[in-house]
$ cat target.csv   # CSV, C-alpha atoms
chain,number,residue,atom,x,y,z
E,716,ASN,CA,-14.5,42.5,7.1
E,717,ARG,CA,-15.0,42.9,3.3
E,718,PHE,CA,-11.2,42.8,2.8
E,719,ARG,CA,-11.0,39.6,4.8
E,720,ALA,CA,-13.9,38.0,2.9
E,721,ALA,CA,-12.3,39.0,-0.4
E,722,TYR,CA,-8.9,37.7,0.7
E,723,ARG,CA,-10.4,34.3,1.7
E,724,LEU,CA,-12.3,34.0,-1.6
E,725,PHE,CA,-9.1,34.8,-3.5
E,726,MET,CA,-7.1,32.3,-1.6
E,727,TYR,CA,-9.8,29.7,-2.0
E,728,ARG,CA,-9.8,30.1,-5.8
E,729,VAL,CA,-6.0,30.1,-5.9
E,730,GLY,CA,-6.0,26.9,-3.9
E,731,SER,CA,-8.6,25.3,-6.1
E,732,LEU,CA,-6.5,26.2,-9.2
E,733,PHE,CA,-3.4,24.8,-7.6
E,734,ASP,CA,-5.3,21.6,-6.7
E,735,LEU,CA,-6.5,21.3,-10.3
E,736,ALA,CA,-3.0,21.9,-11.7
E,737,LEU,CA,-1.6,19.3,-9.3
E,738,LEU,CA,-4.1,16.7,-10.4
E,739,VAL,CA,-3.3,17.4,-14.0
E,740,GLY,CA,0.4,17.1,-13.3
E,741,LEU,CA,-0.1,13.8,-11.5
E,742,TRP,CA,-2.3,12.4,-14.3
E,743,LEU,CA,0.4,13.2,-16.8
E,744,VAL,CA,3.1,11.6,-14.7
E,745,ARG,CA,1.0,8.5,-14.3
E,746,HIS,CA,0.2,8.4,-18.0
E,747,LEU,CA,3.8,8.6,-19.0
E,748,MET,CA,4.8,5.9,-16.5
E,749,SER,CA,2.1,3.7,-17.8
E,750,LEU,CA,3.4,4.1,-21.4
E,751,HIS,CA,6.9,3.3,-20.1
E,752,TRP,CA,5.7,0.2,-18.3
E,753,HIS,CA,3.7,-1.0,-21.4
E,754,ALA,CA,6.7,-0.4,-23.7
E,755,ARG,CA,8.9,-2.6,-21.4
E,756,ARG,CA,6.1,-5.2,-21.3
E,757,ILE,CA,6.4,-5.7,-17.5
E,758,GLU,CA,4.1,-8.5,-16.6
E,759,HIS,CA,2.1,-8.9,-13.4
E,760,GLU,CA,3.8,-12.2,-12.8
E,761,ASP,CA,7.2,-10.5,-12.6
E,762,ARG,CA,5.9,-8.1,-10.1
E,763,ASP,CA,4.3,-10.9,-8.1
E,764,ARG,CA,7.6,-12.7,-7.9
E,765,LEU,CA,9.2,-9.6,-6.4
E,766,GLU,CA,6.4,-8.3,-4.2
E,767,VAL,CA,4.8,-11.4,-2.7
E,768,PRO,CA,7.9,-12.5,-0.8
E,769,LEU,CA,8.4,-8.9,0.4
E,770,ILE,CA,4.9,-8.7,1.7
E,771,ARG,CA,5.1,-12.1,3.4
E,772,GLU,CA,8.4,-11.1,5.1
E,773,ALA,CA,7.0,-7.8,6.2
E,774,VAL,CA,3.9,-9.4,7.7
E,775,ALA,CA,5.9,-12.1,9.5
E,776,ALA,CA,8.3,-9.5,10.9
E,777,GLY,CA,5.5,-7.1,12.0
E,778,ILE,CA,6.6,-4.3,9.7
E,779,PRO,CA,3.9,-1.8,9.0
E,780,VAL,CA,2.4,-2.2,5.5
E,781,LEU,CA,0.2,0.1,3.5
E,782,GLY,CA,-1.1,-1.5,0.3
E,783,ILE,CA,-2.5,0.8,-2.4
E,784,CYS,CA,-4.8,-0.3,-5.2
E,785,ARG,CA,-3.1,-3.4,-6.6
E,786,GLY,CA,-1.1,-3.5,-3.3
E,787,MET,CA,-4.3,-4.0,-1.3
E,788,GLN,CA,-5.4,-6.8,-3.6
E,789,LEU,CA,-2.0,-8.4,-3.3
E,790,LEU,CA,-2.1,-8.2,0.5
E,791,ASN,CA,-5.4,-10.0,0.4
E,792,VAL,CA,-4.2,-12.7,-1.9
E,793,CYS,CA,-1.0,-13.2,0.1
E,794,LEU,CA,-3.1,-13.9,3.1
E,795,GLY,CA,-5.3,-16.4,1.3
E,796,GLY,CA,-8.0,-14.2,-0.1
E,797,SER,CA,-9.4,-14.0,-3.6
E,798,LEU,CA,-10.4,-11.3,-6.1
E,799,HIS,CA,-13.3,-10.3,-8.3
E,800,GLN,CA,-11.6,-10.2,-11.7
E,801,GLU,CA,-14.2,-7.9,-13.2
E,802,ILE,CA,-16.3,-5.5,-11.2
E,803,SER,CA,-18.4,-3.9,-14.0
E,804,VAL,CA,-21.4,-6.2,-13.0
E,805,PHE,CA,-21.6,-4.3,-9.7
E,806,TYR,CA,-22.3,-1.1,-11.5
E,807,GLU,CA,-25.4,-1.9,-13.6
E,808,GLU,CA,-27.4,0.9,-12.0
E,809,SER,CA,-24.5,3.5,-11.9
E,810,PRO,CA,-21.5,4.1,-14.1
E,811,VAL,CA,-18.1,2.7,-13.3
E,812,LEU,CA,-15.9,5.6,-12.2
E,813,ARG,CA,-12.3,5.7,-13.3
E,814,THR,CA,-10.9,9.0,-12.3
E,815,LEU,CA,-8.1,10.7,-10.5
E,816,LEU,CA,-10.6,13.1,-9.0
E,817,PRO,CA,-12.2,12.3,-5.6
E,818,ARG,CA,-15.6,11.5,-7.0
E,819,LYS,CA,-16.4,8.1,-5.5
E,820,ARG,CA,-17.9,7.9,-2.0
E,821,VAL,CA,-16.8,5.1,0.3
E,822,PHE,CA,-18.3,4.3,3.7
E,823,ILE,CA,-15.9,3.6,6.6
E,824,GLY,CA,-16.5,1.0,9.3
E,825,ALA,CA,-17.3,2.7,12.7
E,826,ASN,CA,-14.9,0.6,14.8
E,827,SER,CA,-12.1,0.3,12.2
E,828,ARG,CA,-8.6,1.6,12.5
E,829,LEU,CA,-9.3,3.5,9.3
E,830,HIS,CA,-12.1,5.3,11.0
E,831,ALA,CA,-9.7,6.3,13.8
E,832,ILE,CA,-7.3,7.7,11.1
E,833,PHE,CA,-9.8,9.6,8.9
E,834,ARG,CA,-12.2,10.5,11.8
E,835,ARG,CA,-15.2,10.4,9.5
E,836,ASP,CA,-17.9,8.0,8.4
E,837,SER,CA,-17.5,8.5,4.7
E,838,LEU,CA,-15.0,9.8,2.2
E,839,ARG,CA,-14.7,10.9,-1.4
E,840,VAL,CA,-11.9,9.1,-3.2
E,841,ASN,CA,-10.6,8.5,-6.7
E,842,SER,CA,-10.9,5.2,-8.6
E,843,LEU,CA,-8.7,3.5,-11.1
E,844,HIS,CA,-9.3,-0.2,-10.5
E,845,TYR,CA,-11.2,-2.9,-12.4
E,846,GLN,CA,-10.7,-5.7,-9.9
E,847,SER,CA,-11.6,-5.8,-6.2
E,848,VAL,CA,-11.4,-8.0,-3.1
E,849,LYS,CA,-13.8,-10.9,-3.1
E,850,ALA,CA,-13.1,-13.3,-0.2
E,851,LEU,CA,-11.1,-11.8,2.6
E,852,GLY,CA,-7.7,-13.3,3.6
E,853,GLU,CA,-6.9,-14.7,7.0
E,854,GLY,CA,-7.1,-12.1,9.7
E,855,LEU,CA,-8.4,-9.4,7.4
E,856,ARG,CA,-11.7,-7.4,7.6
E,857,SER,CA,-13.3,-4.9,5.4
E,858,SER,CA,-12.9,-1.4,6.8
E,859,ALA,CA,-14.5,0.6,4.0
E,860,ALA,CA,-16.8,-0.2,1.1
E,861,GLU,CA,-19.0,1.4,-1.5
E,862,ALA,CA,-22.8,1.4,-1.3
E,863,ASN,CA,-22.9,-1.6,-3.7
E,864,GLY,CA,-20.7,-3.7,-1.4
E,865,ILE,CA,-17.4,-3.4,-3.3
E,866,VAL,CA,-14.6,-3.5,-0.7
E,867,GLN,CA,-12.6,-0.3,-0.7
E,868,ALA,CA,-10.3,-0.9,2.3
E,869,ILE,CA,-9.0,-3.8,4.4
E,870,GLU,CA,-7.1,-4.1,7.6
E,871,HIS,CA,-5.7,-6.8,9.7
E,872,THR,CA,-7.4,-7.4,13.0
E,873,ASN,CA,-4.2,-8.3,15.0
E,874,ALA,CA,-1.3,-6.7,13.1
E,875,LYS,CA,0.0,-3.4,14.4
E,876,PHE,CA,-0.4,-1.7,11.1
E,877,LEU,CA,-1.5,-3.7,8.0
E,878,ILE,CA,-3.9,-1.6,5.9
E,879,GLY,CA,-4.9,-1.7,2.2
E,880,VAL,CA,-6.9,0.9,0.3
E,881,GLN,CA,-8.4,0.5,-3.2
E,882,TRP,CA,-8.0,4.1,-4.1
E,883,HIS,CA,-4.9,6.2,-4.7
E,884,PRO,CA,-4.2,8.5,-1.7
E,885,GLU,CA,-0.8,9.5,-3.3
E,886,TYR,CA,-2.8,11.3,-6.0
E,887,LEU,CA,-4.6,13.3,-3.4
E,888,PRO,CA,-1.8,15.0,-1.5
E,889,MET,CA,-3.9,18.2,-1.1
E,890,LYS,CA,-6.5,16.3,1.0
E,891,ARG,CA,-5.7,16.4,4.7
E,892,SER,CA,-7.7,13.2,5.2
E,893,GLN,CA,-5.3,11.4,2.8
E,894,GLN,CA,-2.3,12.9,4.5
E,895,ARG,CA,-3.4,11.4,7.8
E,896,LEU,CA,-3.1,7.9,6.2
E,897,PHE,CA,0.6,8.4,5.4
E,898,GLN,CA,1.2,10.1,8.7
E,899,ALA,CA,-0.3,7.0,10.5
E,900,LEU,CA,2.0,4.7,8.5
E,901,VAL,CA,5.1,6.8,9.4
E,902,LYS,CA,4.0,6.9,13.1
E,903,ALA,CA,3.6,3.1,13.1
E,904,ALA,CA,7.0,2.6,11.5
E,905,HIS,CA,8.6,4.8,14.2
E,906,SER,CA,6.9,3.0,17.1
E,907,PRO,CA,9.0,0.7,19.3
E,908,GLY,CA,8.9,-3.1,18.8
E,909,ILE,CA,9.2,-3.0,15.0
E,910,SER,CA,11.5,-5.6,13.8
E,911,VAL,CA,13.7,-4.8,10.8
E,912,THR,CA,15.2,-8.3,10.4
E,913,SER,CA,13.2,-10.4,8.1
E,914,PRO,CA,12.7,-14.2,8.8
E,915,LEU,CA,14.6,-15.1,5.6
E,916,ARG,CA,17.5,-12.9,6.6
E,917,ALA,CA,17.5,-14.3,10.1
E,918,GLN,CA,17.5,-17.8,8.7
E,919,SER,CA,20.3,-16.9,6.3
E,920,GLU,CA,22.4,-15.4,9.2
E,921,GLU,CA,21.8,-18.5,11.3
E,922,GLN,CA,22.9,-20.8,8.4
E,923,THR,CA,26.1,-18.7,8.0
E,924,ILE,CA,26.9,-19.0,11.7
E,925,HIS,CA,26.4,-22.8,11.5
E,926,LYS,CA,28.7,-22.9,8.5
E,927,ILE,CA,31.4,-20.9,10.3
E,928,ALA,CA,31.1,-23.2,13.3
E,929,ALA,CA,31.4,-26.3,11.2
E,930,SER,CA,34.4,-24.9,9.4
E,931,GLN,CA,36.1,-24.2,12.7
E,932,ARG,CA,35.4,-27.7,14.0
E,933,THR,CA,36.9,-29.1,10.8
E,934,GLN,CA,40.0,-27.0,11.3
E,935,LEU,CA,40.4,-28.1,14.9
E,936,GLU,CA,39.9,-31.8,13.9
E,937,THR,CA,42.6,-31.4,11.2
E,938,ALA,CA,45.0,-29.8,13.7
E,939,SER,CA,44.4,-32.5,16.2
E,940,LYS,CA,45.2,-35.2,13.6
E,941,HIS,CA,48.3,-33.3,12.6
E,942,GLU,CA,49.5,-33.2,16.2
E,943,ALA,CA,48.8,-36.9,16.7
E,944,MET,CA,50.6,-37.9,13.4
E,945,PHE,CA,53.7,-35.7,13.8
E,946,GLY,CA,53.8,-35.3,17.6
E,947,VAL,CA,53.7,-31.6,17.3
$ encode --input "target.csv" --output "structure tokens"
Amino acid sequence: NRFRAAYRLFMYRVGSLFDLALLVGLWLVRHLMSLHWHARRIEHEDRDRLEVPLIREAVAAGIPVLGICRGMQLLNVCLGGSLHQEISVFYEESPVLRTLLPRKRVFIGANSRLHAIFRRDSLRVNSLHYQSVKALGEGLRSSAAEANGIVQAIEHTNAKFLIGVQWHPEYLPMKRSQQRLFQALVKAAHSPGISVTSPLRAQSEEQTIHKIAASQRTQLETASKHEAMFGV
């Protein structure tokens, strides 16, 4: 029994050190990527021009979507919602947490899809944002929030899988609760009935078919005129 207890304590400490090393490594990667993005002066407008059409196509096609941090905010805006541009006013009685460590507690709605995924009423998460959801977009509901009311997760009431979280689960891969979120996304993507053809692509294919048909009609009309003229 003593050996087992000592072994468990040893493995717990090794696991804790590994988690700490992993968090430090993730922070360094994120910091280096942030420097790279800043050096290239990539503006949010450029990302919006790329990401907004992709989100709208995915939503229209019923493709599962998981929005993380800015991705959650963009999901909300794409569906007609709005944002708090600065959330510091919500933290007058407590400090604003900006950390990769899971130090912020969020409370999960009892009847939400997120609750079914995490299987708990509250969760410790990290926090790196300075904006947040204000008015919810069409069909969206808040599925997790802080004690001060800041929305920490949203989900669509009708879509098969359309979820946004304000924290960064990808920086907490050692947490089984966060693993469940990605597992749920993969499961939804593998479920039957998911369309992989976007509306824009379908429209483009339809236009191509019409062009081919019109070209064939023109060729037939030209051939008919040629026969009538030369008696071929």
$ residues_around --input "target.csv" --residues "region 775-788 of chain E" --least-positions-apart "4" --cutoff "6 Å" --atoms "only C-alpha atoms" --output "list in words"
Phe876, Leu877, Ile878, Gly879, Val880, Gln881, Trp882, Ala904, Ser910 and Ser913 of chain E
$ atom_distance --input "target.csv" --atom1 "CA of Glu801 (chain E)" --atom2 "CA of Gln867 (chain E)"
14.7 Å
$ atom_distance --input "target.csv" --atom1 "CA of Ala903 (chain E)" --atom2 "CA of Gln846 (chain E)"
28.5 Å
$ atom_distance --input "target.csv" --atom1 "CA of Thr814 (chain E)" --atom2 "CA of His871 (chain E)"
27.6 Å
$ closest_residue --input "target.csv" --among "E:Ala868, E:Leu812, E:Leu851, E:Ile802" --to "His830 (chain E)" --atoms "all atoms listed in the file"
E:Ala868
$ closest_atom_pairs --input "target.csv" --of "region 767-852 of chain E" --to "region 856-862 of chain E" --cutoff "8 Å" --atoms "all atoms listed in the file" --output "CSV"
residue,atom,partner,partner_atom,distance
E:Arg820,CA,E:Glu861,CA,6.6
E:Val821,CA,E:Glu861,CA,4.7
E:Phe822,CA,E:Ala859,CA,5.3
E:Ile823,CA,E:Ala859,CA,4.2
E:Gly824,CA,E:Ser858,CA,5.0
E:Ser827,CA,E:Ser858,CA,5.7
E:Arg828,CA,E:Ser858,CA,7.7
E:Leu829,CA,E:Ser858,CA,6.6
E:His830,CA,E:Ser858,CA,7.9
E:Leu851,CA,E:Arg856,CA,6.7
$ closest_residue --input "target.csv" --among "E:Ile770, E:Leu790, E:Phe833, E:Leu816" --to "Gln894 (chain E)" --atoms "all atoms listed in the file"
E:Phe833
$ closest_residue --input "target.csv" --among "E:Gly854, E:Gln800, E:Arg834, E:Val866" --to "Arg895 (chain E)" --atoms "all atoms listed in the file"
E:Arg834
$ closest_residue --input "target.csv" --among "E:Arg891, E:Arg813, E:Lys902, E:Lys875" --to "Ser842 (chain E)" --atoms "only C-alpha atoms"
E:Arg813
$ closest_residue --input "target.csv" --among "E:Ser906, E:Ser837, E:Ser847, E:Ser803" --to "Asn791 (chain E)" --atoms "all atoms listed in the file"
E:Ser847
